[in-house]
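> Below is one structure. I have some questions about it.
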Amino acid sequence: MPRYQLLAIDIDGTLVNSRDELTPVVRDALRRAAVAGVRLVLATGRRYSRALPLVEPLGIEAPIVSAAGALIKDALDHRTLHQANFERADLVQALSVVAAHGCDAVLYTDSYAEGFDFYCPTLSVAEPTLAEYYELNPDCARVQSDLMANPPPGIFGGFAMGTRERMLELHAALQAAVPGKLYTHVLRSPKYRGFMCELAPAGATKWSGIRRLADDWNIPNEAICAVGDDVNDLPMVIEAGLGVAMGNAVEELKQAADRIAPDHDADGLAEVVRWILDEE
């Protein structure tokens with residue numbers, strides 16, 4: 001049995017390259033890891049439906065920790081293994097802060113089987129980066145005009161979108177308004193121009209999702225390798241036995257990591273597999 005029994009992998013900037021490709025080199029490396037007995041987990045800020053197509057090319061079992069840890073699903077049969085939940089009063093208060101900053105919220109729900117991914121108050125928005133998000137995700141929304149005041153049950157995460165400065169201001173306002181009740185961070189997906197202020201219930205992180213799966217498999221922290229590139233990867237990179245930042249990672253993550261791999265356009269994840277399988 002390899003020293004590292006679980007490999008937790010971010011998607012954007014880690015599993016896929018800058019062209020959103022899962023390269024044959026990375027795919028084959030992950031298959032070698034699985035054959036060697038390493039459990040693979042995709043831990044991503046992506047929605048479940050956007051992460052799912054990357055599991056099939058791998059040809060191996062790999063649960064998906066999606067929405068930055070708030071939803072865990074079995075990619076083979078789409079069973080929900082865990083879903084975080086907001087206290088309704090906390091969510092309503094958070095949405096009032098988002099609205100006061102002149103933003104709409106996009107709210108995630110576990111509705112893959114129903115054919116949509118998120119709720120929004122309208123598809124006609126002035127914020128150009130959010131308009132772009134809707135254009136790039138057609139048929140994924142369910143519109144609810146009173147969403148900001150009356151969110152439906154089952155919301156486990158979401159985001160607002162805009163400039164980096166505006167989202168950092170929103171992040172600070174949310175933390176001040178609902179202290180200790182929310183997990184928020186600001187990042188930009190390479191697929192979109194806008195920055196997202198993502199929000200989830202406190203305690204819902206990629207690491208919390210990974211740890212739930214590891215508990216089921218009796219795998220301790222020191223036998224976990226976690227690899228990522230952005231701020232929402234910090235909890236898992238800090239807590240894992242081997243925390244790896246990609247060469248293209250933000251500086252904050254590089255400072256927290258145990259090792260730095262080549263970047264995602266140089267098949268850096270394949271190098272990580274070589275490390276944990278002692279192939280170097």
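Residue numbering restarts at 1 in every chain; chains get A, B, ... in the order shown in the structure tokens, and ligands count up from 1 in that same order.
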Can you tell me, as a PyMOL selection string, what residues are no more than 9 Å from Ile219 in chain A when counting only C-alpha atoms, ignoring any on the same chain fewer than 6 positions away?

chain A and resi 5-6+211+213

> Could you pull the residues within 12 Å of range 85-88 of chain A, counting only C-alpha atoms, minus those fewer than 3 positions along the same chain, as a VMD selection string?

chain A and resid 69 to 71 82 91 to 95 107 to 110 149 to 158 178 181 to 183 199 to 204

> Could you dump the residues just selected with N, CA and C atoms as an mmCIF file, in the first residue's frame?


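The result, written out as selection_21.cif:
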```
data_model
loop_
_atom_site.group_PDB
_atom_site.id
_atom_site.type_symbol
_atom_site.label_atom_id
_atom_site.label_comp_id
_atom_site.auth_asym_id
_atom_site.auth_seq_id
_atom_site.Cartn_x
_atom_site.Cartn_y
_atom_site.Cartn_z
ATOM 1 N N GLY A 69 -16.886 22.000 -1.292
ATOM 2 C CA GLY A 69 -17.068 21.167 -0.106
ATOM 3 C C GLY A 69 -18.482 21.053 0.401
ATOM 4 N N ALA A 70 -19.416 21.821 -0.162
ATOM 5 C CA ALA A 70 -20.772 21.843 0.374
ATOM 6 C C ALA A 70 -21.634 20.678 -0.100
ATOM 7 N N LEU A 71 -21.236 19.997 -1.168
ATOM 8 C CA LEU A 71 -22.016 18.880 -1.692
ATOM 9 C C LEU A 71 -21.075 17.766 -2.125
ATOM 10 N N HIS A 82 -23.297 13.702 1.093
ATOM 11 C CA HIS A 82 -23.396 14.723 2.144
ATOM 12 C C HIS A 82 -23.775 16.043 1.503
ATOM 13 N N LEU A 91 -28.881 32.530 6.191
ATOM 14 C CA LEU A 91 -28.902 32.703 4.744
ATOM 15 C C LEU A 91 -29.673 33.960 4.359
ATOM 16 N N VAL A 92 -30.825 34.179 4.978
ATOM 17 C CA VAL A 92 -31.629 35.361 4.670
ATOM 18 C C VAL A 92 -30.847 36.631 5.004
ATOM 19 N N GLN A 93 -30.153 36.633 6.130
ATOM 20 C CA GLN A 93 -29.355 37.800 6.494
ATOM 21 C C GLN A 93 -28.216 38.011 5.496
ATOM 22 N N ALA A 94 -27.561 36.927 5.111
ATOM 23 C CA ALA A 94 -26.480 37.031 4.132
ATOM 24 C C ALA A 94 -26.996 37.589 2.812
ATOM 25 N N LEU A 95 -28.154 37.138 2.372
ATOM 26 C CA LEU A 95 -28.713 37.623 1.114
ATOM 27 C C LEU A 95 -29.080 39.102 1.198
ATOM 28 N N LEU A 107 -27.697 30.784 -6.223
ATOM 29 C CA LEU A 107 -27.749 29.848 -5.109
ATOM 30 C C LEU A 107 -27.841 28.412 -5.605
ATOM 31 N N TYR A 108 -26.947 27.581 -5.085
ATOM 32 C CA TYR A 108 -26.876 26.186 -5.511
ATOM 33 C C TYR A 108 -27.863 25.308 -4.757
ATOM 34 N N THR A 109 -28.355 24.298 -5.468
ATOM 35 C CA THR A 109 -29.225 23.310 -4.862
ATOM 36 C C THR A 109 -28.888 21.940 -5.445
ATOM 37 N N ASP A 110 -29.200 20.886 -4.720
ATOM 38 C CA ASP A 110 -28.896 19.524 -5.160
ATOM 39 C C ASP A 110 -30.011 19.039 -6.084
ATOM 40 N N ALA A 149 -35.138 37.465 -0.854
ATOM 41 C CA ALA A 149 -35.844 37.580 0.426
ATOM 42 C C ALA A 149 -36.444 36.264 0.882
ATOM 43 N N ASN A 150 -36.641 35.343 -0.047
ATOM 44 C CA ASN A 150 -37.352 34.106 0.280
ATOM 45 C C ASN A 150 -36.702 32.910 -0.406
ATOM 46 N N PRO A 151 -35.472 32.557 -0.029
ATOM 47 C CA PRO A 151 -34.791 31.433 -0.694
ATOM 48 C C PRO A 151 -35.491 30.114 -0.402
ATOM 49 N N PRO A 152 -35.492 29.195 -1.355
ATOM 50 C CA PRO A 152 -36.124 27.896 -1.144
ATOM 51 C C PRO A 152 -35.298 27.039 -0.184
ATOM 52 N N PRO A 153 -35.882 25.978 0.350
ATOM 53 C CA PRO A 153 -35.099 25.074 1.196
ATOM 54 C C PRO A 153 -34.061 24.321 0.359
ATOM 55 N N GLY A 154 -33.041 23.804 1.036
ATOM 56 C CA GLY A 154 -32.061 22.967 0.358
ATOM 57 C C GLY A 154 -30.895 23.712 -0.257
ATOM 58 N N ILE A 155 -30.759 25.014 0.011
ATOM 59 C CA ILE A 155 -29.624 25.773 -0.511
ATOM 60 C C ILE A 155 -28.385 25.420 0.313
ATOM 61 N N PHE A 156 -27.297 25.076 -0.370
ATOM 62 C CA PHE A 156 -26.077 24.716 0.356
ATOM 63 C C PHE A 156 -24.876 25.600 -0.003
ATOM 64 N N GLY A 157 -25.044 26.526 -0.915
ATOM 65 C CA GLY A 157 -23.943 27.397 -1.296
ATOM 66 C C GLY A 157 -24.384 28.349 -2.384
ATOM 67 N N GLY A 158 -23.460 29.212 -2.780
ATOM 68 C CA GLY A 158 -23.775 30.143 -3.848
ATOM 69 C C GLY A 158 -22.688 31.184 -3.995
ATOM 70 N N VAL A 178 -22.608 38.345 9.557
ATOM 71 C CA VAL A 178 -22.992 37.007 10.028
ATOM 72 C C VAL A 178 -21.734 36.319 10.568
ATOM 73 N N LYS A 181 -20.712 32.272 10.967
ATOM 74 C CA LYS A 181 -21.780 31.442 10.396
ATOM 75 C C LYS A 181 -21.575 31.116 8.926
ATOM 76 N N LEU A 182 -20.633 31.807 8.267
ATOM 77 C CA LEU A 182 -20.432 31.613 6.836
ATOM 78 C C LEU A 182 -18.969 31.306 6.537
ATOM 79 N N TYR A 183 -18.754 30.514 5.493
ATOM 80 C CA TYR A 183 -17.422 30.350 4.914
ATOM 81 C C TYR A 183 -17.446 31.093 3.585
ATOM 82 N N LEU A 199 -20.030 31.702 -1.057
ATOM 83 C CA LEU A 199 -20.459 31.537 0.322
ATOM 84 C C LEU A 199 -21.036 30.154 0.550
ATOM 85 N N ALA A 200 -20.763 29.634 1.736
ATOM 86 C CA ALA A 200 -21.250 28.326 2.155
ATOM 87 C C ALA A 200 -21.440 28.378 3.665
ATOM 88 N N PRO A 201 -22.147 27.409 4.244
ATOM 89 C CA PRO A 201 -22.245 27.378 5.707
ATOM 90 C C PRO A 201 -20.862 27.227 6.334
ATOM 91 N N ALA A 202 -20.668 27.809 7.492
ATOM 92 C CA ALA A 202 -19.395 27.685 8.198
ATOM 93 C C ALA A 202 -19.049 26.209 8.366
ATOM 94 N N GLY A 203 -17.785 25.881 8.146
ATOM 95 C CA GLY A 203 -17.326 24.496 8.283
ATOM 96 C C GLY A 203 -17.390 23.693 7.006
ATOM 97 N N ALA A 204 -18.057 24.219 5.977
ATOM 98 C CA ALA A 204 -18.140 23.512 4.694
ATOM 99 C C ALA A 204 -16.984 23.950 3.817
#
```

> Name the residues of range 242-271 of chain A that fall into strand (DSSP E) according to DSSP on the backbone, using the chain letters and numbers of this document, as a list in words.

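Those in range 242-271 of chain A that DSSP calls strand (DSSP E) are Leu242, Gly243, Val244, Ala245, Arg259 and Ile260 of chain A.
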
> Find the residues near range 241-251 of chain A: any atom within 7 Å, counting only C-alpha atoms, skip ones fewer than 2 places away on the same chain, and give them as a list in words.

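Everything that qualifies: Thr14, Asn221, Glu222, Ala223, Ile224, Cys225, Ala226, Val227, Gly228, Asp229, Asp230, Val237, Ile238, Glu239, Leu253, Lys254, Gln255, Ala257, Asp258, Arg259, Ile260, Ala261, Pro262, Asp263, His264 and Gly268 of chain A.
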
> Run DSSP on the backbone and give me the residues of range 87-246 of chain A it puts in helix (DSSP H, G or I), as number ranges by chain.

A: 88-100, 112-114, 128-136, 164-177, 206-216, 221-223, 231-239

> For the residues in the current selection, export C-alpha atoms as an mmCIF file, in the first residue's frame.


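And here's out.cif as it stands now:
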```
data_model
loop_
_atom_site.group_PDB
_atom_site.id
_atom_site.type_symbol
_atom_site.label_atom_id
_atom_site.label_comp_id
_atom_site.auth_asym_id
_atom_site.auth_seq_id
_atom_site.Cartn_x
_atom_site.Cartn_y
_atom_site.Cartn_z
ATOM 1 C CA ARG A 88 -32.355 29.830 7.216
ATOM 2 C CA ALA A 89 -31.986 33.022 9.268
ATOM 3 C CA ASP A 90 -28.265 33.155 8.456
ATOM 4 C CA LEU A 91 -28.902 32.703 4.744
ATOM 5 C CA VAL A 92 -31.629 35.361 4.670
ATOM 6 C CA GLN A 93 -29.355 37.800 6.494
ATOM 7 C CA ALA A 94 -26.480 37.031 4.132
ATOM 8 C CA LEU A 95 -28.713 37.623 1.114
ATOM 9 C CA SER A 96 -29.790 40.975 2.519
ATOM 10 C CA VAL A 97 -26.107 41.971 2.656
ATOM 11 C CA VAL A 98 -25.580 40.800 -0.925
ATOM 12 C CA ALA A 99 -28.631 42.816 -2.057
ATOM 13 C CA ALA A 100 -27.460 45.894 -0.128
ATOM 14 C CA TYR A 112 -28.980 17.511 -10.804
ATOM 15 C CA ALA A 113 -31.704 14.886 -11.252
ATOM 16 C CA GLU A 114 -34.242 17.654 -11.919
ATOM 17 C CA PRO A 128 -21.702 42.106 -17.354
ATOM 18 C CA THR A 129 -19.689 39.290 -15.794
ATOM 19 C CA LEU A 130 -22.809 37.699 -14.300
ATOM 20 C CA ALA A 131 -24.606 38.080 -17.624
ATOM 21 C CA GLU A 132 -21.681 36.235 -19.189
ATOM 22 C CA TYR A 133 -21.989 33.489 -16.550
ATOM 23 C CA TYR A 134 -25.640 32.942 -17.488
ATOM 24 C CA GLU A 135 -24.788 32.897 -21.191
ATOM 25 C CA LEU A 136 -22.121 30.246 -20.621
ATOM 26 C CA ARG A 164 -12.331 41.745 -7.442
ATOM 27 C CA GLU A 165 -12.517 44.916 -5.348
ATOM 28 C CA ARG A 166 -16.303 44.773 -5.098
ATOM 29 C CA MET A 167 -16.273 41.091 -4.151
ATOM 30 C CA LEU A 168 -13.610 41.637 -1.484
ATOM 31 C CA GLU A 169 -15.824 44.360 -0.002
ATOM 32 C CA LEU A 170 -18.782 41.978 -0.037
ATOM 33 C CA HIS A 171 -16.692 39.230 1.579
ATOM 34 C CA ALA A 172 -15.762 41.571 4.446
ATOM 35 C CA ALA A 173 -19.361 42.745 4.853
ATOM 36 C CA LEU A 174 -20.693 39.190 5.013
ATOM 37 C CA GLN A 175 -18.159 38.180 7.636
ATOM 38 C CA ALA A 176 -19.072 41.233 9.713
ATOM 39 C CA ALA A 177 -22.834 40.762 9.368
ATOM 40 C CA LYS A 206 -13.082 21.098 0.467
ATOM 41 C CA TRP A 207 -11.182 19.686 3.425
ATOM 42 C CA SER A 208 -14.342 18.935 5.427
ATOM 43 C CA GLY A 209 -15.687 16.992 2.439
ATOM 44 C CA ILE A 210 -12.447 15.095 1.958
ATOM 45 C CA ARG A 211 -12.291 14.309 5.659
ATOM 46 C CA ARG A 212 -15.828 12.827 5.573
ATOM 47 C CA LEU A 213 -14.812 10.431 2.801
ATOM 48 C CA ALA A 214 -11.517 9.625 4.506
ATOM 49 C CA ASP A 215 -13.388 8.739 7.701
ATOM 50 C CA ASP A 216 -15.496 6.255 5.740
ATOM 51 C CA ASN A 221 -4.703 12.915 7.625
ATOM 52 C CA GLU A 222 -1.063 11.907 7.220
ATOM 53 C CA ALA A 223 -2.025 9.456 4.448
ATOM 54 C CA VAL A 231 -7.505 30.163 -1.988
ATOM 55 C CA ASN A 232 -10.384 27.702 -1.625
ATOM 56 C CA ASP A 233 -7.751 24.940 -1.602
ATOM 57 C CA LEU A 234 -6.023 26.344 1.492
ATOM 58 C CA PRO A 235 -7.834 24.211 4.102
ATOM 59 C CA MET A 236 -7.053 20.921 2.352
ATOM 60 C CA VAL A 237 -3.462 21.825 1.455
ATOM 61 C CA ILE A 238 -2.775 22.912 5.041
ATOM 62 C CA GLU A 239 -4.369 19.892 6.731
#
```

> Report as a ChimeraX atom specification all protein, DNA and RNA residues lying within 8 Å of Arg47 in chain A, evaluated on only C-alpha atoms, omitting residues in the same chain fewer than 5 positions from it.

/A:66-67,117

> Got a sec: who's within 8 Å of Cys120 in chain A, counting only C-alpha atoms, leaving out chain neighbours fewer than 3 positions off, as number ranges by chain?

A: 104-107, 123, 141-145, 147

> For the residues in that selection, give me C-alpha atoms as a PDB file, in the first residue's frame.


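Here's the written file part-v9.pdb:
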```pdb
ATOM      1  CA  ASP A 104     -27.737  39.264  -7.197  1.00  0.00           C
ATOM      2  CA  ALA A 105     -26.991  35.903  -5.630  1.00  0.00           C
ATOM      3  CA  VAL A 106     -26.754  32.636  -7.509  1.00  0.00           C
ATOM      4  CA  LEU A 107     -27.749  29.848  -5.109  1.00  0.00           C
ATOM      5  CA  LEU A 123     -31.498  36.296 -15.953  1.00  0.00           C
ATOM      6  CA  ALA A 141     -30.997  28.118 -13.878  1.00  0.00           C
ATOM      7  CA  ARG A 142     -34.386  28.204 -12.214  1.00  0.00           C
ATOM      8  CA  VAL A 143     -35.612  31.778 -11.842  1.00  0.00           C
ATOM      9  CA  GLN A 144     -37.345  32.815  -8.612  1.00  0.00           C
ATOM     10  CA  SER A 145     -38.088  36.530  -8.530  1.00  0.00           C
ATOM     11  CA  LEU A 147     -35.123  34.681  -4.191  1.00  0.00           C
TER      12      LEU A 147
END
```

> Would you mind telling me which residue in A:Ala68, A:Val125, A:Cys140, A:Ala8 lies nearest to Ser49 in chain A when using only C-alpha atoms?

A:Cys140

> From the options A:Pro24, A:Gly13, A:Pro138, A:Pro63, which residue's atoms come nearest to Ala43 in chain A, counting only C-alpha atoms?

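The answer is A:Pro63, which sits nearest to Ala43 in chain A.
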
> Using only C-alpha atoms for the distances, tell me which of A:Val186, A:Arg31, A:Arg39, A:Arg79 is nearest to Glu56 in chain A.

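Ranking A:Val186, A:Arg31, A:Arg39, A:Arg79 by distance to Glu56 in chain A, first place goes to A:Arg31.
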
> Have a look at CA of Ala240 in chain A and CA of Asp77 in chain A and let me know their distance in Å, one decimal.

27.7 Å
